[in-house]
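Engineer: See upload32.pdb below, with PDB, N, CA and C atoms.
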```
ATOM      1  N   MET A   1      12.894   4.068  15.251
ATOM      2  CA  MET A   1      11.750   4.106  14.366
ATOM      3  C   MET A   1      10.481   3.783  15.143
ATOM      4  N   PRO A   2       9.844   4.766  15.710
ATOM      5  CA  PRO A   2       8.659   4.447  16.497
ATOM      6  C   PRO A   2       7.389   4.226  15.681
ATOM      7  N   PHE A   3       7.427   4.394  14.363
ATOM      8  CA  PHE A   3       6.238   4.174  13.548
ATOM      9  C   PHE A   3       6.518   3.159  12.446
ATOM     10  N   VAL A   4       5.526   2.334  12.183
ATOM     11  CA  VAL A   4       5.548   1.423  11.046
ATOM     12  C   VAL A   4       4.265   1.678  10.267
ATOM     13  N   THR A   5       4.412   1.961   8.986
ATOM     14  CA  THR A   5       3.250   2.174   8.140
ATOM     15  C   THR A   5       3.138   1.002   7.178
ATOM     16  N   GLN A   6       1.956   0.429   7.141
ATOM     17  CA  GLN A   6       1.677  -0.720   6.279
ATOM     18  C   GLN A   6       0.838  -0.226   5.097
ATOM     19  N   VAL A   7       1.239  -0.614   3.901
ATOM     20  CA  VAL A   7       0.555  -0.212   2.671
ATOM     21  C   VAL A   7       0.171  -1.472   1.912
ATOM     22  N   LEU A   8      -1.097  -1.604   1.585
ATOM     23  CA  LEU A   8      -1.576  -2.745   0.800
ATOM     24  C   LEU A   8      -1.775  -2.292  -0.643
ATOM     25  N   LEU A   9      -0.974  -2.862  -1.550
ATOM     26  CA  LEU A   9      -1.073  -2.518  -2.965
ATOM     27  C   LEU A   9      -1.611  -3.704  -3.749
ATOM     28  N   PRO A  10      -2.529  -3.447  -4.673
ATOM     29  CA  PRO A  10      -3.148  -4.538  -5.428
ATOM     30  C   PRO A  10      -2.133  -5.255  -6.324
ATOM     31  N   LYS A  11      -2.342  -6.554  -6.473
ATOM     32  CA  LYS A  11      -1.490  -7.349  -7.364
ATOM     33  C   LYS A  11      -2.025  -7.365  -8.796
ATOM     34  N   ARG A  12      -3.318  -7.025  -8.956
ATOM     35  CA  ARG A  12      -3.960  -7.080 -10.273
ATOM     36  C   ARG A  12      -4.767  -5.808 -10.522
ATOM     37  N   ASP A  13      -4.960  -5.512 -11.801
ATOM     38  CA  ASP A  13      -5.789  -4.359 -12.145
ATOM     39  C   ASP A  13      -7.265  -4.726 -12.037
ATOM     40  N   ASN A  14      -8.127  -3.794 -12.375
ATOM     41  CA  ASN A  14      -9.569  -3.999 -12.216
ATOM     42  C   ASN A  14     -10.143  -5.049 -13.159
ATOM     43  N   LEU A  15      -9.389  -5.438 -14.188
ATOM     44  CA  LEU A  15      -9.824  -6.498 -15.106
ATOM     45  C   LEU A  15      -9.194  -7.846 -14.755
ATOM     46  N   GLY A  16      -8.420  -7.887 -13.663
ATOM     47  CA  GLY A  16      -7.816  -9.137 -13.213
ATOM     48  C   GLY A  16      -6.448  -9.432 -13.787
ATOM     49  N   ARG A  17      -5.884  -8.496 -14.552
ATOM     50  CA  ARG A  17      -4.547  -8.703 -15.139
ATOM     51  C   ARG A  17      -3.472  -8.337 -14.109
ATOM     52  N   PRO A  18      -2.448  -9.178 -13.968
ATOM     53  CA  PRO A  18      -1.390  -8.881 -12.988
ATOM     54  C   PRO A  18      -0.616  -7.615 -13.360
ATOM     55  N   PHE A  19      -0.289  -6.821 -12.347
ATOM     56  CA  PHE A  19       0.589  -5.679 -12.564
ATOM     57  C   PHE A  19       2.016  -6.197 -12.722
ATOM     58  N   GLY A  20       2.758  -5.621 -13.643
ATOM     59  CA  GLY A  20       4.170  -5.960 -13.801
ATOM     60  C   GLY A  20       4.999  -5.309 -12.709
ATOM     61  N   ARG A  21       6.222  -5.790 -12.564
ATOM     62  CA  ARG A  21       7.110  -5.254 -11.531
ATOM     63  C   ARG A  21       7.317  -3.750 -11.679
ATOM     64  N   ALA A  22       7.326  -3.273 -12.898
ATOM     65  CA  ALA A  22       7.579  -1.853 -13.143
ATOM     66  C   ALA A  22       6.503  -0.969 -12.515
ATOM     67  N   ARG A  23       5.281  -1.466 -12.377
ATOM     68  CA  ARG A  23       4.189  -0.666 -11.813
ATOM     69  C   ARG A  23       4.510  -0.234 -10.384
ATOM     70  N   TYR A  24       5.294  -1.017  -9.648
ATOM     71  CA  TYR A  24       5.614  -0.726  -8.258
ATOM     72  C   TYR A  24       6.875   0.128  -8.108
ATOM     73  N   GLY A  25       7.578   0.347  -9.220
ATOM     74  CA  GLY A  25       8.864   1.034  -9.180
ATOM     75  C   GLY A  25       8.814   2.432  -8.604
ATOM     76  N   ALA A  26       7.806   3.219  -8.977
ATOM     77  CA  ALA A  26       7.723   4.596  -8.478
ATOM     78  C   ALA A  26       7.493   4.606  -6.965
ATOM     79  N   PHE A  27       6.631   3.704  -6.490
ATOM     80  CA  PHE A  27       6.393   3.597  -5.043
ATOM     81  C   PHE A  27       7.690   3.205  -4.327
ATOM     82  N   HIS A  28       8.389   2.194  -4.853
ATOM     83  CA  HIS A  28       9.661   1.767  -4.250
ATOM     84  C   HIS A  28      10.631   2.941  -4.183
ATOM     85  N   ALA A  29      10.748   3.686  -5.274
ATOM     86  CA  ALA A  29      11.689   4.813  -5.330
ATOM     87  C   ALA A  29      11.329   5.886  -4.304
ATOM     88  N   ARG A  30      10.038   6.195  -4.179
ATOM     89  CA  ARG A  30       9.629   7.201  -3.194
ATOM     90  C   ARG A  30       9.949   6.760  -1.777
ATOM     91  N   MET A  31       9.725   5.478  -1.463
ATOM     92  CA  MET A  31      10.005   4.984  -0.109
ATOM     93  C   MET A  31      11.508   4.983   0.168
ATOM     94  N   LEU A  32      12.296   4.617  -0.824
ATOM     95  CA  LEU A  32      13.757   4.654  -0.655
ATOM     96  C   LEU A  32      14.246   6.080  -0.444
ATOM     97  N   ARG A  33      13.741   6.992  -1.265
ATOM     98  CA  ARG A  33      14.192   8.384  -1.191
ATOM     99  C   ARG A  33      13.790   9.026   0.147
ATOM    100  N   ARG A  34      12.582   8.794   0.591
ATOM    101  CA  ARG A  34      12.094   9.469   1.799
ATOM    102  C   ARG A  34      12.491   8.760   3.092
ATOM    103  N   PHE A  35      12.473   7.428   3.093
ATOM    104  CA  PHE A  35      12.667   6.682   4.336
ATOM    105  C   PHE A  35      13.888   5.765   4.337
ATOM    106  N   GLY A  36      14.550   5.633   3.205
ATOM    107  CA  GLY A  36      15.740   4.813   3.143
ATOM    108  C   GLY A  36      15.482   3.335   2.913
ATOM    109  N   GLY A  37      14.205   2.940   2.720
ATOM    110  CA  GLY A  37      13.934   1.530   2.450
ATOM    111  C   GLY A  37      12.468   1.177   2.584
ATOM    112  N   TRP A  38      12.180  -0.066   2.294
ATOM    113  CA  TRP A  38      10.829  -0.623   2.415
ATOM    114  C   TRP A  38      10.965  -2.135   2.541
ATOM    115  N   THR A  39       9.929  -2.773   3.062
ATOM    116  CA  THR A  39       9.890  -4.232   3.175
ATOM    117  C   THR A  39       8.574  -4.711   2.585
ATOM    118  N   ARG A  40       8.646  -5.697   1.706
ATOM    119  CA  ARG A  40       7.422  -6.347   1.234
ATOM    120  C   ARG A  40       7.319  -7.652   1.994
ATOM    121  N   LYS A  41       6.310  -7.732   2.867
ATOM    122  CA  LYS A  41       6.185  -8.866   3.785
ATOM    123  C   LYS A  41       5.537 -10.078   3.146
ATOM    124  N   GLY A  42       4.895  -9.907   2.049
ATOM    125  CA  GLY A  42       4.186 -11.009   1.426
ATOM    126  C   GLY A  42       2.878 -10.519   0.870
ATOM    127  N   GLN A  43       1.923 -11.397   0.840
ATOM    128  CA  GLN A  43       0.653 -11.003   0.257
ATOM    129  C   GLN A  43      -0.497 -11.221   1.232
ATOM    130  N   ALA A  44      -1.589 -10.529   0.953
ATOM    131  CA  ALA A  44      -2.820 -10.665   1.725
ATOM    132  C   ALA A  44      -3.955 -10.887   0.734
ATOM    133  N   GLU A  45      -4.929 -11.667   1.152
ATOM    134  CA  GLU A  45      -6.110 -11.896   0.339
ATOM    135  C   GLU A  45      -7.310 -11.348   1.080
ATOM    136  N   GLY A  46      -8.273 -10.841   0.333
ATOM    137  CA  GLY A  46      -9.470 -10.310   0.965
ATOM    138  C   GLY A  46     -10.636 -10.313  -0.001
ATOM    139  N   ALA A  47     -11.793  -9.997   0.526
ATOM    140  CA  ALA A  47     -12.998  -9.920  -0.290
ATOM    141  C   ALA A  47     -13.873  -8.803   0.247
ATOM    142  N   TRP A  48     -14.697  -8.259  -0.625
ATOM    143  CA  TRP A  48     -15.624  -7.208  -0.214
ATOM    144  C   TRP A  48     -16.869  -7.261  -1.081
ATOM    145  N   LEU A  49     -17.958  -6.767  -0.508
ATOM    146  CA  LEU A  49     -19.233  -6.711  -1.213
ATOM    147  C   LEU A  49     -19.480  -5.293  -1.714
ATOM    148  N   SER A  50     -19.855  -5.193  -2.978
ATOM    149  CA  SER A  50     -20.228  -3.891  -3.525
ATOM    150  C   SER A  50     -21.612  -3.514  -2.998
ATOM    151  N   PRO A  51     -21.981  -2.245  -3.140
ATOM    152  CA  PRO A  51     -23.333  -1.843  -2.708
ATOM    153  C   PRO A  51     -24.441  -2.649  -3.388
ATOM    154  N   SER A  52     -24.174  -3.160  -4.593
ATOM    155  CA  SER A  52     -25.188  -3.952  -5.306
ATOM    156  C   SER A  52     -25.189  -5.414  -4.866
ATOM    157  N   GLY A  53     -24.227  -5.788  -3.985
ATOM    158  CA  GLY A  53     -24.183  -7.153  -3.484
ATOM    159  C   GLY A  53     -23.233  -8.074  -4.220
ATOM    160  N   LYS A  54     -22.469  -7.550  -5.196
ATOM    161  CA  LYS A  54     -21.505  -8.368  -5.929
ATOM    162  C   LYS A  54     -20.267  -8.595  -5.060
ATOM    163  N   LEU A  55     -19.792  -9.847  -5.022
ATOM    164  CA  LEU A  55     -18.616 -10.205  -4.232
ATOM    165  C   LEU A  55     -17.355 -10.041  -5.079
ATOM    166  N   TYR A  56     -16.374  -9.330  -4.543
ATOM    167  CA  TYR A  56     -15.083  -9.146  -5.195
ATOM    168  C   TYR A  56     -14.004  -9.757  -4.313
ATOM    169  N   ALA A  57     -13.089 -10.510  -4.917
ATOM    170  CA  ALA A  57     -11.938 -11.069  -4.199
ATOM    171  C   ALA A  57     -10.684 -10.396  -4.745
ATOM    172  N   GLU A  58      -9.748 -10.081  -3.857
ATOM    173  CA  GLU A  58      -8.540  -9.371  -4.260
ATOM    174  C   GLU A  58      -7.319  -9.930  -3.545
ATOM    175  N   GLU A  59      -6.179  -9.761  -4.185
ATOM    176  CA  GLU A  59      -4.883 -10.078  -3.583
ATOM    177  C   GLU A  59      -4.052  -8.804  -3.576
ATOM    178  N   HIS A  60      -3.324  -8.609  -2.494
ATOM    179  CA  HIS A  60      -2.487  -7.421  -2.330
ATOM    180  C   HIS A  60      -1.085  -7.816  -1.890
ATOM    181  N   TRP A  61      -0.126  -6.967  -2.245
ATOM    182  CA  TRP A  61       1.195  -7.034  -1.642
ATOM    183  C   TRP A  61       1.137  -6.214  -0.364
ATOM    184  N   VAL A  62       1.776  -6.713   0.690
ATOM    185  CA  VAL A  62       1.811  -6.003   1.969
ATOM    186  C   VAL A  62       3.213  -5.413   2.150
ATOM    187  N   TYR A  63       3.273  -4.095   2.159
ATOM    188  CA  TYR A  63       4.529  -3.376   2.361
ATOM    189  C   TYR A  63       4.551  -2.777   3.754
ATOM    190  N   GLU A  64       5.750  -2.684   4.333
ATOM    191  CA  GLU A  64       5.927  -1.963   5.590
ATOM    192  C   GLU A  64       7.109  -1.017   5.458
ATOM    193  N   VAL A  65       6.927   0.160   6.060
ATOM    194  CA  VAL A  65       7.964   1.187   6.048
ATOM    195  C   VAL A  65       8.120   1.681   7.481
ATOM    196  N   GLY A  66       9.339   1.637   7.997
ATOM    197  CA  GLY A  66       9.620   2.163   9.333
ATOM    198  C   GLY A  66      10.093   3.600   9.235
ATOM    199  N   HIS A  67       9.656   4.431  10.190
ATOM    200  CA  HIS A  67      10.042   5.848  10.165
ATOM    201  C   HIS A  67       9.865   6.461  11.550
ATOM    202  N   SER A  68      10.440   7.630  11.739
ATOM    203  CA  SER A  68      10.498   8.231  13.073
ATOM    204  C   SER A  68       9.380   9.226  13.368
ATOM    205  N   ARG A  69       8.700   9.731  12.342
ATOM    206  CA  ARG A  69       7.620  10.710  12.552
ATOM    207  C   ARG A  69       6.326  10.197  11.942
ATOM    208  N   ARG A  70       5.205  10.577  12.533
ATOM    209  CA  ARG A  70       3.894  10.139  12.038
ATOM    210  C   ARG A  70       3.670  10.617  10.606
ATOM    211  N   ASP A  71       3.918  11.877  10.310
ATOM    212  CA  ASP A  71       3.909  12.439   8.953
ATOM    213  C   ASP A  71       2.605  12.152   8.192
ATOM    214  N   LEU A  72       1.474  12.441   8.816
ATOM    215  CA  LEU A  72       0.165  12.129   8.218
ATOM    216  C   LEU A  72      -0.067  12.839   6.895
ATOM    217  N   ARG A  73       0.401  14.057   6.772
ATOM    218  CA  ARG A  73       0.210  14.797   5.513
ATOM    219  C   ARG A  73       0.863  14.061   4.346
ATOM    220  N   PHE A  74       2.093  13.564   4.559
ATOM    221  CA  PHE A  74       2.763  12.802   3.498
ATOM    222  C   PHE A  74       1.960  11.559   3.141
ATOM    223  N   TRP A  75       1.516  10.801   4.159
ATOM    224  CA  TRP A  75       0.826   9.536   3.897
ATOM    225  C   TRP A  75      -0.533   9.748   3.253
ATOM    226  N   GLN A  76      -1.211  10.819   3.590
ATOM    227  CA  GLN A  76      -2.485  11.119   2.928
ATOM    228  C   GLN A  76      -2.256  11.429   1.455
ATOM    229  N   ALA A  77      -1.213  12.193   1.160
ATOM    230  CA  ALA A  77      -0.878  12.499  -0.236
ATOM    231  C   ALA A  77      -0.430  11.236  -0.975
ATOM    232  N   GLU A  78       0.342  10.393  -0.296
ATOM    233  CA  GLU A  78       0.802   9.139  -0.914
ATOM    234  C   GLU A  78      -0.389   8.246  -1.246
ATOM    235  N   LYS A  79      -1.361   8.190  -0.361
ATOM    236  CA  LYS A  79      -2.560   7.390  -0.609
ATOM    237  C   LYS A  79      -3.262   7.855  -1.880
ATOM    238  N   GLU A  80      -3.442   9.147  -2.031
ATOM    239  CA  GLU A  80      -4.101   9.679  -3.231
ATOM    240  C   GLU A  80      -3.281   9.378  -4.488
ATOM    241  N   ARG A  81      -1.960   9.503  -4.377
ATOM    242  CA  ARG A  81      -1.074   9.197  -5.502
ATOM    243  C   ARG A  81      -1.208   7.723  -5.891
ATOM    244  N   LEU A  82      -1.207   6.827  -4.913
ATOM    245  CA  LEU A  82      -1.315   5.391  -5.195
ATOM    246  C   LEU A  82      -2.674   5.024  -5.787
ATOM    247  N   LYS A  83      -3.738   5.662  -5.306
ATOM    248  CA  LYS A  83      -5.061   5.406  -5.874
ATOM    249  C   LYS A  83      -5.063   5.730  -7.368
ATOM    250  N   GLU A  84      -4.398   6.805  -7.724
ATOM    251  CA  GLU A  84      -4.312   7.186  -9.135
ATOM    252  C   GLU A  84      -3.396   6.240  -9.914
ATOM    253  N   GLU A  85      -2.227   5.952  -9.380
ATOM    254  CA  GLU A  85      -1.269   5.088 -10.079
ATOM    255  C   GLU A  85      -1.808   3.688 -10.333
ATOM    256  N   PHE A  86      -2.614   3.173  -9.395
ATOM    257  CA  PHE A  86      -3.142   1.812  -9.527
ATOM    258  C   PHE A  86      -4.619   1.789  -9.927
ATOM    259  N   ASP A  87      -5.186   2.959 -10.225
ATOM    260  CA  ASP A  87      -6.577   3.079 -10.662
ATOM    261  C   ASP A  87      -7.523   2.371  -9.688
ATOM    262  N   GLN A  88      -7.422   2.746  -8.404
ATOM    263  CA  GLN A  88      -8.212   2.131  -7.349
ATOM    264  C   GLN A  88      -9.109   3.159  -6.669
ATOM    265  N   GLU A  89     -10.261   2.723  -6.210
ATOM    266  CA  GLU A  89     -11.136   3.595  -5.442
ATOM    267  C   GLU A  89     -10.601   3.787  -4.030
ATOM    268  N   GLU A  90      -9.881   2.779  -3.537
ATOM    269  CA  GLU A  90      -9.356   2.844  -2.173
ATOM    270  C   GLU A  90      -8.014   2.120  -2.108
ATOM    271  N   ILE A  91      -7.122   2.640  -1.294
ATOM    272  CA  ILE A  91      -5.847   2.003  -0.947
ATOM    273  C   ILE A  91      -5.775   2.036   0.574
ATOM    274  N   TRP A  92      -5.513   0.886   1.166
ATOM    275  CA  TRP A  92      -5.401   0.827   2.623
ATOM    276  C   TRP A  92      -3.979   1.145   3.061
ATOM    277  N   ILE A  93      -3.875   2.136   3.946
ATOM    278  CA  ILE A  93      -2.608   2.485   4.589
ATOM    279  C   ILE A  93      -2.894   2.521   6.081
ATOM    280  N   ILE A  94      -2.173   1.697   6.826
ATOM    281  CA  ILE A  94      -2.384   1.567   8.263
ATOM    282  C   ILE A  94      -1.080   1.923   8.966
ATOM    283  N   GLN A  95      -1.161   2.745  10.005
ATOM    284  CA  GLN A  95       0.052   3.168  10.702
ATOM    285  C   GLN A  95      -0.003   2.682  12.143
ATOM    286  N   TYR A  96       1.122   2.113  12.575
ATOM    287  CA  TYR A  96       1.260   1.607  13.944
ATOM    288  C   TYR A  96       2.357   2.383  14.649
ATOM    289  N   GLU A  97       2.142   2.600  15.925
ATOM    290  CA  GLU A  97       3.198   3.182  16.750
ATOM    291  C   GLU A  97       3.788   2.056  17.561
ATOM    292  N   GLY A  98       5.110   2.008  17.619
ATOM    293  CA  GLY A  98       5.729   0.893  18.331
ATOM    294  C   GLY A  98       7.058   1.268  18.933
ATOM    295  N   ARG A  99       7.773   0.249  19.285
ATOM    296  CA  ARG A  99       9.081   0.412  19.902
ATOM    297  C   ARG A  99      10.028  -0.600  19.283
ATOM    298  N   VAL A 100      11.171  -0.156  18.852
ATOM    299  CA  VAL A 100      12.173  -1.067  18.316
ATOM    300  C   VAL A 100      12.964  -1.634  19.482
ATOM    301  N   LEU A 101      13.037  -2.949  19.554
ATOM    302  CA  LEU A 101      13.754  -3.609  20.652
ATOM    303  C   LEU A 101      15.123  -4.082  20.197
TER
END
```
Rewrite the coordinates I just gave you, this time as structure tokens.
Structural biologist:
Amino acid sequence: MPFVTQVLLPKRDNLGRPFGRARYGAFHARMLRRFGGWTRKGQAEGAWLSPSGKLYAEEHWVYEVGHSRRDLRFWQAEKERLKEEFDQEEIWIIQYEGRVL
């Protein structure tokens, strides 16, 4: 598995309500079907400023998926799907190339 893709999914909706476990089910199923598994490493916290200067704080689940091909077309489509499923303007997906030891 020379690639690891990290996906940050929000823990709460835009009104601050926590997403239930079922909200992540479709993502889990897609990762299992395509790659044979996924790992949720924990959570990440972050903040960002809107163009108007308002500060937003967010919490995300950090997922990692190992796979053998870069497959950018799939990940770009997955990003758009996740933005819609979680009603987000942006979803961070980061891909690393590595070596399994």
Engineer: Counting only N, CA and C atoms, which of A:Phe27, A:Tyr56, A:Leu8, A:Phe19 gets nearest to Ala44 of chain A?
Structural biologist: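 Of the candidates, the smallest distance to Ala44 of chain A is held by A:Leu8.
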Engineer: Run DSSP on the backbone of this structure and report the residues of chain A it assigns to strand (DSSP E or B), as a PyMOL selection string.
Structural biologist: chain A and resi 3-10+12+18+39-49+55-67+92-97
Engineer: Please provide the set of residues having any atom within 12 Å of segment 69-76 of chain A, restricted to only C-alpha atoms, with same-chain residues fewer than 6 positions apart removed, written as a list in words.
Structural biologist: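 That gives Met1, Pro2, Phe3, Val4, Thr5, Gln6, Val7, Arg30, Met31, Arg34, Phe35, Leu82, Lys83, Glu90, Ile91, Trp92, Ile93, Ile94, Gln95, Tyr96, Glu97 and Gly98 of chain A.
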Engineer: List every residue of chain A that DSSP, applied to the backbone, labels as alpha helix (DSSP H), and write the result as a JSON list (two decimals) with N, CA and C atoms, keeping the file's coordinate frame.
Structural biologist:
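The new file selection_18.json reads:
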```json
[["chain", "number", "residue", "atom", "x", "y", "z"],
["A", 25, "GLY", "N", 7.58, 0.35, -9.22],
["A", 25, "GLY", "CA", 8.86, 1.03, -9.18],
["A", 25, "GLY", "C", 8.81, 2.43, -8.60],
["A", 26, "ALA", "N", 7.81, 3.22, -8.98],
["A", 26, "ALA", "CA", 7.72, 4.60, -8.48],
["A", 26, "ALA", "C", 7.49, 4.61, -6.96],
["A", 27, "PHE", "N", 6.63, 3.70, -6.49],
["A", 27, "PHE", "CA", 6.39, 3.60, -5.04],
["A", 27, "PHE", "C", 7.69, 3.20, -4.33],
["A", 28, "HIS", "N", 8.39, 2.19, -4.85],
["A", 28, "HIS", "CA", 9.66, 1.77, -4.25],
["A", 28, "HIS", "C", 10.63, 2.94, -4.18],
["A", 29, "ALA", "N", 10.75, 3.69, -5.27],
["A", 29, "ALA", "CA", 11.69, 4.81, -5.33],
["A", 29, "ALA", "C", 11.33, 5.89, -4.30],
["A", 30, "ARG", "N", 10.04, 6.20, -4.18],
["A", 30, "ARG", "CA", 9.63, 7.20, -3.19],
["A", 30, "ARG", "C", 9.95, 6.76, -1.78],
["A", 31, "MET", "N", 9.72, 5.48, -1.46],
["A", 31, "MET", "CA", 10.01, 4.98, -0.11],
["A", 31, "MET", "C", 11.51, 4.98, 0.17],
["A", 32, "LEU", "N", 12.30, 4.62, -0.82],
["A", 32, "LEU", "CA", 13.76, 4.65, -0.66],
["A", 32, "LEU", "C", 14.25, 6.08, -0.44],
["A", 33, "ARG", "N", 13.74, 6.99, -1.26],
["A", 33, "ARG", "CA", 14.19, 8.38, -1.19],
["A", 33, "ARG", "C", 13.79, 9.03, 0.15],
["A", 34, "ARG", "N", 12.58, 8.79, 0.59],
["A", 34, "ARG", "CA", 12.09, 9.47, 1.80],
["A", 34, "ARG", "C", 12.49, 8.76, 3.09],
["A", 35, "PHE", "N", 12.47, 7.43, 3.09],
["A", 35, "PHE", "CA", 12.67, 6.68, 4.34],
["A", 35, "PHE", "C", 13.89, 5.76, 4.34],
["A", 72, "LEU", "N", 1.47, 12.44, 8.82],
["A", 72, "LEU", "CA", 0.16, 12.13, 8.22],
["A", 72, "LEU", "C", -0.07, 12.84, 6.90],
["A", 73, "ARG", "N", 0.40, 14.06, 6.77],
["A", 73, "ARG", "CA", 0.21, 14.80, 5.51],
["A", 73, "ARG", "C", 0.86, 14.06, 4.35],
["A", 74, "PHE", "N", 2.09, 13.56, 4.56],
["A", 74, "PHE", "CA", 2.76, 12.80, 3.50],
["A", 74, "PHE", "C", 1.96, 11.56, 3.14],
["A", 75, "TRP", "N", 1.52, 10.80, 4.16],
["A", 75, "TRP", "CA", 0.83, 9.54, 3.90],
["A", 75, "TRP", "C", -0.53, 9.75, 3.25],
["A", 76, "GLN", "N", -1.21, 10.82, 3.59],
["A", 76, "GLN", "CA", -2.48, 11.12, 2.93],
["A", 76, "GLN", "C", -2.26, 11.43, 1.46],
["A", 77, "ALA", "N", -1.21, 12.19, 1.16],
["A", 77, "ALA", "CA", -0.88, 12.50, -0.24],
["A", 77, "ALA", "C", -0.43, 11.24, -0.98],
["A", 78, "GLU", "N", 0.34, 10.39, -0.30],
["A", 78, "GLU", "CA", 0.80, 9.14, -0.91],
["A", 78, "GLU", "C", -0.39, 8.25, -1.25],
["A", 79, "LYS", "N", -1.36, 8.19, -0.36],
["A", 79, "LYS", "CA", -2.56, 7.39, -0.61],
["A", 79, "LYS", "C", -3.26, 7.86, -1.88],
["A", 80, "GLU", "N", -3.44, 9.15, -2.03],
["A", 80, "GLU", "CA", -4.10, 9.68, -3.23],
["A", 80, "GLU", "C", -3.28, 9.38, -4.49],
["A", 81, "ARG", "N", -1.96, 9.50, -4.38],
["A", 81, "ARG", "CA", -1.07, 9.20, -5.50],
["A", 81, "ARG", "C", -1.21, 7.72, -5.89],
["A", 82, "LEU", "N", -1.21, 6.83, -4.91],
["A", 82, "LEU", "CA", -1.32, 5.39, -5.20],
["A", 82, "LEU", "C", -2.67, 5.02, -5.79],
["A", 83, "LYS", "N", -3.74, 5.66, -5.31],
["A", 83, "LYS", "CA", -5.06, 5.41, -5.87],
["A", 83, "LYS", "C", -5.06, 5.73, -7.37],
["A", 84, "GLU", "N", -4.40, 6.80, -7.72],
["A", 84, "GLU", "CA", -4.31, 7.19, -9.14],
["A", 84, "GLU", "C", -3.40, 6.24, -9.91],
["A", 85, "GLU", "N", -2.23, 5.95, -9.38],
["A", 85, "GLU", "CA", -1.27, 5.09, -10.08],
["A", 85, "GLU", "C", -1.81, 3.69, -10.33]]
```
Engineer: Provide the atom C of Pro51 of chain A to atom C of Glu85 of chain A distance in Å, to one decimal place.
Structural biologist: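 Here the two named atoms are 24.5 Å from each other.
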Engineer: Ranking A:Trp61, A:Leu101, A:Gly66, A:Glu89 by minimum distance to Gly37 of chain A and counting only N, CA and C atoms, which one comes first?
Structural biologist: A:Gly66
Engineer: Let me have the centre and edge lengths of the axis-aligned box enclosing all listed atoms of segment 48-51 of chain A with 4 Å padding on every side, in Å to one decimal, as AutoDock Vina command-line options.
Structural biologist:
```
--center_x -19.6 --center_y -5.1 --center_z -1.9 --size_x 17.7 --size_y 14.4 --size_z 11.3
```
Engineer: Just to confirm, what's the straight-line distance from atom N of Glu64 of chain A to atom C of Ser50 of chain A in Å (one decimal)?
Structural biologist: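 Answer for the atom N of Glu64 of chain A to atom C of Ser50 of chain A separation: 28.3 Å.
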Engineer: What does the distance between atom N of His67 of chain A and atom C of Thr39 of chain A come to in Å, to one decimal place?
Structural biologist: 11.9 Å
Engineer: Going by the chain IDs and residue numbers used in this file, which residues fall under the PyMOL selection byres ((chain A and resi 45) around 7)? Write them as a VMD selection string.
Structural biologist: chain A and resid 43 to 44 46 to 47 57 to 60
